[in-house]
Structures are given as C-alpha cells and as structure tokens.
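K.L.:
Pasting a structure below so you can have a look.
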Amino acid sequence: MQSKQSMHGSWANRWIFILAATGSAVGLGNIWKFPYITGENGGGAFVLVYLVCILLVGIPIMMGEILVGRRARQSPINAVRETAVEAGRDPRWGLIGWLGVLAGYIIFSFYSVVAGWVLHYIAGMGTGQFVDIGSDLAGKKFESLLASPDQMLIWHTVFVLMVVVVVAGGVNKGLERATKIMMPALFLLLLVLLGYSLNSGSFAEGWSFLFSFNPDALTWDAVLVALGHSFFTLSLGMGAIMAYGSYMGKKDSIGATVLTIGVLDTVVALVAGLAIFPIVFANQLDPGAGPGLMFITLPVAFGQMPGGQVFGFLFFLLVGVAAWTSAISLLEPATAWVVERFGFKRLHAAALLGFIIWLMGIASLLSFNHWADIKIFSMGIFDFLDFITANIMLPLSGLLIAVYAGWVLTQKMTRDELALGSSGAYSAWQFTIRFIAPVGVAVIFVVNLYDKLA
Ligand code: PHE
Ligand code: NA
C-alpha cells in the first residue's frame with residue numbers, strides 16, 4: 001500500500017501541491033464572503049473567533065483529510081472506505097465521502113452563480129460601465145443583474161465550462177498547469193490592490209475594524225458562522241483537499257504543508273479585508289452591507305477613485321481567478337470517482353458532472369428572480385443552499401472526519417502518514433483531532449440549536 005500512486009497522476013513537487021491546495025482554499029470565501037460576514041458580525045471579535053477555529057479545528061482536520069487521501073491514493077469516497085478497511089473497520093465509513101461529495105455539489109451550484117456575477121463585473125469594469133456611479137445606480141445595476149436570469153445564465157454557463165475544461169485536462173495537464181499560471185497571477189494582483197488600498201486614505205480605520213476586539217458584537221450565531229466559514233474557506237469537509245492529497249508525494253510533510261496552506265489562506269482573507277474596508281470607510285459606505293458589499297459598495301468606491309477603473313478591473317479579475325481555482329477543486333473529487341468507479345474517460349466524467357452542476361445552478365440563479373417567492377425555512381433557494389452547506393453540512397462532515405481520523409483509523413496509520421517525528425507534534429495533533437475539534441464543533445452546534453428553539 002505504501003508506495004502506490006494514484007491512477008489520476010501526482011503533483012510534480014511539494015510546492016505545486018501547496019499552490020494547488022492554496023488555489024482551492026483561496027476563493028470567493030476569502031474575498032467576497034469573509035469581508036461581508038466580518039462586516040455583518042461587527043469586525044474584531046468575529047475575526048478572532050475565526051482565527052481560533054482555523055487553528056484548532058481547521059488545521060488538524062485538514063491534516064486528517066490529506067492523510068486519508070494520500071494513504072489510499074483514490075477519490076474521497078473510495079479513500080475513506082479503503083482506509084476503513086485497512087484499519088479493520090466498517091467500510092460504511094465511506095459514507096463520509098458521500099456527504100462531502102454531496103456538499104461539494106451543492107456548493108458548486110451556487111458558487112458558480114456568484115462567480116458568474118464576478119465575470120459580469122470583470123466585463124463591466126473593463127468596459128468602463130462603473131465610472132462615477134453613485135450608490136443608487138450601483139445598487140440598481142446589481143439588482144438588474146439579479147433580476148435577469150438570462151444574464152446570469154450566460155455567465156454561470158461560461159464559468160462551469162471554464163472549470164470543466166481544466167478538470168477534463170487531468171491532474172498534470174489540467175490542474176497543475178492552471179495552478180502554475182493562475183496562482184502567481186493571484187498573488188501579484190493581491191499585492192497591487194493592497195498597495196492601492198494602503199494609499200486610499202482610511203487604512204487605519206479598516207485595520208481597527210478588523211482587529212479591535214469588541215465582544216459585544218459577538219453572538220452564538222456569529223460563532224457558528226465563524227466556525228462554518230473556517231471549513232468553507234479551507235475547502236474542508238467535501239473531499240476537495242482529500243482528493244488533492246491523494247496526488248501528493250509520499251515523502252512530503254503533511255504538517256508543514258498544511259500550515260503553509262492555512263497561513264496563506266488566512267493571509268489572503270485578511271489582506272482582502274484590509275483592501276476592502278479602507279475603501280469602504282474612505283467613501284462613507286456601510287461595512288455591514290452583506291453579500292452586496294463586493295458588488296455594490298466596491299464599484300461605487302472604485303468609480304470615484306483616481307485609477308479606480310483599472311483597479312476595479314484588476315480586483316474583479318483577481319476574484320475571478322480565485323473562484324476558478326477553487327471551483328476546479330470542487331469538481332475534481334466527483335470526477336475522479338466517476339473515472340474510478342465506471343471507467344469513464346476523464347473528459348466524459350467532467351462534462352457529465354459539470355452538466356448536472358450547471359442544471360442545479362439554475363435553481364440558485366432563478367431564486368433571485370422568477371423563483372424568489374420559493375422559501376425554505378424562510379430563506380430563498382440560494383441562501384438556503386449556502387446556509388445548509390456552510391453552517392450544517394461542512395461542520396458535520398468536518399466533525400465526522402475528525403472522529404474518523406482521530407478514533408477510527410489506527411494510530412499506526414496516522415503516525416505513519418503524518419511522520420511528525422518523535423516530537424510532541426503527533427500527540428498535539430491527536431489531542432486536537434480527538435477532543436478539541438469534535439467537542440468544539442458539537443458544542444457550537446448544540447448551543448445554536450438551543451438558541452434557536454429557546
Ligand atoms: N475554499 C473556497 C473559498 O474560500 C471554497 C471552496 C470550498 C472550494 C470547498 C473548494 C471546496 O472560496
Ligand atoms: Na478560502
């Protein structure tokens with residue numbers, strides 16, 4: 001078992017793996033979602049809880065996912081089942097893999113809709129449609145996009161195709177090649193934007209919004225959002241990182257790699273916050289504007305600033321690239337599974353799965369217009385899917401993975417894969433994944449449930 005390779009290929013070296021996994025992690029979650037949920041939840045204290053979740057829950061679970069993937073060298077569904085068999089346990093643990101793939105599918109369907117908006121904005125910024133617009137007009141533009149299923153369908157379709165093309169290319173000719181081009185571009189764009197924001201006037205205000213501790217704003221609801229987001233942002237709980245781990249080199253250190261990915265993802269989220277909030281404050285806009293923060297607030301600000309068109313264009317380009325590399329990792333696990341299970345050609349598997357996702361995405365995009373009246377637990381379809389995936393399925397699936405890696409697999413297997421040496425590092429990992437992560441997730445769940453019912 002030790003030296004086997006994945007039938008899908010493997011990363012050329014450790015850095016490619018780090019960049020690919022970072023590409024998966026860094027996405028709309030960092031640049032669109034993190035700033036707006038931070039804004040909605042009052043800033044500083046929320047950020048602190050989020051950081052604690054990343055460190056104590058996200059990082060150990062990411063190590064667990066990668067070790068399972070690399071041990072079995074198969075797609076997540078098969079990897080969980082096979083490692084369970086190796087550990088002498090019930091193969092039905094493989095159901096964890098299914099939960100992940102299902103969550104990934106649902107996420108992709110609305111992720112692609114938002115990514116479609118981003119593509120629309122890249123085009124809009126590029127053609128100067130936001131020069132000097134006020135907030136009213138910017139709000140109207142966003143609303144008219146949401147009101148137009150045709151517009152959204154076009155961009156949603158383009159985005160799904162972009163993702164299918166890369167995944168169809170396979171691990172080396174698709175994923176790896178895309179990583180090599182897009183990740184350096186992403187970091188470069190981010191630095192340019194940060195530089196711009198540093199000069200935009202209200203940097204200090206943006207900084208203190210993100211980092212000053214204001215416990216009053218903190219509710220249990222906010223804690224659940226922070227926890228759910230820590231899974232979402234690290235791409236955990238849906239097989240993405242597990243699948244990428246199955247292409248990882250045997251000798252590469254999982255611990256060091258995961259720390260690097262976790263740090264990079266966190267830095268990008270904070271930098272995105274530091275790029276966005278100063279612009280928001282400099283233009284007297286509302287940080288708590290919600291999902292529209294990036295699509296209404298920012299275009300207004302860019303429209304009024306010197307060089308704003310160029311930077312607005314670059315900003316949305318950055319978001320588009322980030323969303324693309326993330327969505328690739330959402331499609332990869334299921335594609336690899338269909339190839340393994342049914343012997344499909346990769347192109348056919350990716351196209352078929354992409355088509356199903358495309359169909360599901362239509363339900364999400366219609367929930368902004370024709371189907372706006374359909375409510376599930378008083379949420380529209382889009383909000384509902386976002387809610388059940390990020391706040392329920394991902395934490396649940398993360399909890400199960402923690403239990404699985406901590407309790408179900410044998411110590412010999414996990415010790416062997418993690419290869420953390422004789423230091424206390426292994427014990428620290430084991431303690432967090434056995435106790436801290438599952439108990440933390442469970443407590444936050446239960447308290448929220450109680451809160452909702454009481
Ligand atoms: N981590 C991505 C983000 O922050 C989202 C994602 C989740 C991607 C799960 C892949 C798998 O945007
Ligand atoms: Na992320």
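As shown in the structure tokens, the chain order sets the letters A, B, ...; within each chain, residues go from 1, and ligands are also counted from 1 in the order they appear.
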Using only C-alpha atoms, I'd like a table of the residues in range 278-364 of chain A that come within 8 Å of range 129-139 of chain A; for each, show the closest atom pair and its distance in Å rounded to one decimal, ordered by chain and ascending number, as JSON lines.

P.N.:
```
{"residue": "A:Ile296", "atom": "CA", "partner": "A:Ala138", "partner_atom": "CA", "distance": 5.3}
{"residue": "A:Thr297", "atom": "CA", "partner": "A:Ser135", "partner_atom": "CA", "distance": 7.0}
{"residue": "A:Pro299", "atom": "CA", "partner": "A:Phe130", "partner_atom": "CA", "distance": 6.4}
{"residue": "A:Val300", "atom": "CA", "partner": "A:Ser135", "partner_atom": "CA", "distance": 5.7}
{"residue": "A:Phe302", "atom": "CA", "partner": "A:Phe130", "partner_atom": "CA", "distance": 7.9}
{"residue": "A:Gly303", "atom": "CA", "partner": "A:Asp132", "partner_atom": "CA", "distance": 4.5}
{"residue": "A:Gln304", "atom": "CA", "partner": "A:Asp132", "partner_atom": "CA", "distance": 5.3}
{"residue": "A:Gln309", "atom": "CA", "partner": "A:Val131", "partner_atom": "CA", "distance": 6.8}
```

K.L.:
Excluding Thr414 in chain A and its own-chain neighbours fewer than 4 positions away, which residues fall within 10 Å of it when counting only C-alpha atoms? Please give them as a compact mmCIF listing (two decimals) with N, CA and C atoms, in the first residue's frame.

P.N.:
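result_4.txt written:
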```
# COMPACT_ATOMS: atom_id res chain seq x y z
N MET A 63 -5.20 18.22 8.05
CA MET A 63 -4.18 17.17 8.10
C MET A 63 -4.83 15.79 7.99
N GLY A 64 -5.96 15.64 8.70
CA GLY A 64 -6.69 14.36 8.65
C GLY A 64 -7.14 14.03 7.24
N LEU A 67 -4.17 13.09 5.00
CA LEU A 67 -3.55 11.79 5.27
C LEU A 67 -4.42 10.64 4.75
N VAL A 68 -5.72 10.79 4.83
CA VAL A 68 -6.61 9.75 4.30
C VAL A 68 -6.45 9.65 2.79
N ARG A 71 -3.01 8.21 1.84
CA ARG A 71 -2.88 6.80 2.22
C ARG A 71 -3.51 5.91 1.15
N ALA A 405 -10.53 10.29 11.58
CA ALA A 405 -9.06 10.30 11.59
C ALA A 405 -8.52 10.09 13.01
N GLY A 406 -9.25 10.60 14.00
CA GLY A 406 -8.75 10.53 15.37
C GLY A 406 -9.04 9.20 16.06
N LEU A 409 -9.30 5.37 12.46
CA LEU A 409 -8.05 4.88 11.89
C LEU A 409 -7.12 4.44 13.03
N THR A 410 -6.22 3.51 12.71
CA THR A 410 -5.30 3.08 13.77
C THR A 410 -4.21 4.14 13.96
N LEU A 418 1.55 10.89 8.90
CA LEU A 418 1.91 12.26 9.30
C LEU A 418 3.41 12.40 9.48
N ALA A 419 4.07 11.32 9.89
CA ALA A 419 5.53 11.31 10.07
C ALA A 419 6.02 12.57 10.77
N LEU A 420 5.45 12.84 11.93
CA LEU A 420 5.81 14.07 12.64
C LEU A 420 7.03 13.90 13.52
N TYR A 426 2.90 14.98 17.17
CA TYR A 426 1.85 13.99 16.90
C TYR A 426 0.81 13.98 18.02
N GLN A 430 -3.09 14.65 17.69
CA GLN A 430 -4.07 13.65 18.09
C GLN A 430 -5.04 14.21 19.12
```

K.L.:
Just want the residues within 6 Å of ligand 1, written as an MDAnalysis selection string, counting only C-alpha atoms and all ligand atoms.

P.N.:
chainID A and resid 24:30 232:235 240 326:327 329:330

K.L.:
Output C-alpha atoms of each residue in that selection to a file, as an mmCIF file, in the first residue's frame.

P.N.:
```
data_model
loop_
_atom_site.group_PDB
_atom_site.id
_atom_site.type_symbol
_atom_site.label_atom_id
_atom_site.label_comp_id
_atom_site.auth_asym_id
_atom_site.auth_seq_id
_atom_site.Cartn_x
_atom_site.Cartn_y
_atom_site.Cartn_z
ATOM 1 C CA SER A 24 -8.600 25.543 -3.778
ATOM 2 C CA ALA A 25 -8.655 27.315 -0.433
ATOM 3 C CA VAL A 26 -8.351 30.886 -1.669
ATOM 4 C CA GLY A 27 -11.587 31.795 -3.367
ATOM 5 C CA LEU A 28 -14.839 33.672 -3.055
ATOM 6 C CA GLY A 29 -14.730 32.625 0.574
ATOM 7 C CA ASN A 30 -11.753 34.883 1.222
ATOM 8 C CA PHE A 232 -15.596 26.642 3.850
ATOM 9 C CA THR A 233 -12.511 28.777 3.471
ATOM 10 C CA LEU A 234 -10.085 25.881 3.908
ATOM 11 C CA SER A 235 -12.133 23.753 1.461
ATOM 12 C CA ALA A 240 -11.555 18.707 -2.236
ATOM 13 C CA SER A 326 -11.478 26.837 -6.117
ATOM 14 C CA ALA A 327 -14.246 25.507 -8.312
ATOM 15 C CA SER A 329 -11.233 21.504 -6.694
ATOM 16 C CA LEU A 330 -14.981 21.183 -6.201
#
```

K.L.:
Which one of A:Gly43, A:Gly262, A:Gly94, A:Pro438 sits closest to ligand 2 if you count only C-alpha atoms and all ligand atoms?

P.N.:
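Of A:Gly43, A:Gly262, A:Gly94, A:Pro438, the one nearest ligand 2, counting only C-alpha atoms and all ligand atoms, is A:Gly262.
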
K.L.:
Any idea what the distance is between CA of Ile61 in chain A and CA of Arg177 in chain A?

P.N.:
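According to the coordinates, CA of Ile61 in chain A and CA of Arg177 in chain A are separated by 27.4 Å.
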
K.L.:
Please identify all polymer residues within 12 Å of range 211-222 of chain A, counting only C-alpha atoms, omitting same-chain residues fewer than 3 positions from it, and present them as number ranges by chain.

P.N.:
A: 37-51, 204-208, 225-229, 270, 273-274, 277, 391, 443-452

K.L.:
In Å, how far is it from CA of Ala178 in chain A to CA of Glu332 in chain A?

P.N.:
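CA of Ala178 in chain A sits 13.3 Å away from CA of Glu332 in chain A.
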
K.L.:
List as a count of residues only the protein and nucleic acid residues near range 146-160 of chain A, meaning an atom at most 6 Å away when only C-alpha atoms are counted, but skip any in the same chain fewer than 3 places from it.

P.N.:
7

K.L.:
Extract the full set of helix (DSSP H, G or I) residues from range 210-275 of chain A according to DSSP on the backbone, and format it as a PyMOL selection string.

P.N.:
chain A and resi 210-211+215-217+220-233+240-245+254-275

K.L.:
So that I can see what lies close to Val441 in chain A, please list as a ChimeraX atom specification the residues with an atom at most 12 Å from it, counting only C-alpha atoms and leaving out residues fewer than 6 positions away in the same chain.

P.N.:
/A:53,56-58,61,223-228,230-231,391-403,432-435,447-448

K.L.:
Using only C-alpha atoms and all ligand atoms, find the one residue out of A:Trp117, A:Trp32, A:Phe203, A:Phe17 that sits nearest to ligand 2.

P.N.:
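Nearest candidate to ligand 2 out of A:Trp117, A:Trp32, A:Phe203, A:Phe17: A:Trp32.
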
K.L.:
If we count only C-alpha atoms and set the cut-off at 8 Å, which residues sit around Ala351 in chain A, ignoring sequence neighbours fewer than 3 positions away in its own chain? Please answer as a VMD selection string.

P.N.:
chain A and resid 164 168 347 to 348 354 to 355

K.L.:
Let's have the selection written as an mmCIF file, in the first residue's frame, with C-alpha atoms.

P.N.:
```cif
data_model
loop_
_atom_site.group_PDB
_atom_site.id
_atom_site.type_symbol
_atom_site.label_atom_id
_atom_site.label_comp_id
_atom_site.auth_asym_id
_atom_site.auth_seq_id
_atom_site.Cartn_x
_atom_site.Cartn_y
_atom_site.Cartn_z
ATOM 1 C CA VAL A 164 -14.893 21.562 -16.840
ATOM 2 C CA ALA A 168 -11.036 17.381 -18.126
ATOM 3 C CA LEU A 347 -13.426 14.293 -20.293
ATOM 4 C CA HIS A 348 -16.737 12.476 -20.222
ATOM 5 C CA GLY A 354 -20.431 19.706 -14.965
ATOM 6 C CA PHE A 355 -23.755 19.422 -16.732
#
```

K.L.:
For a quick check of understanding, using only C-alpha atoms and all ligand atoms, which of A:Met360, A:Ala272, A:Ile96, A:Leu161 has the smallest distance to ligand 2?

P.N.:
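The shortest atom-to-atom distance to ligand 2 comes from A:Ala272.
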
K.L.:
Work out how far apart CA of Ala282 in chain A and CA of Pro184 in chain A are and give it in Å to one decimal.

P.N.:
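Computing it gives 29.3 Å between the two atoms.
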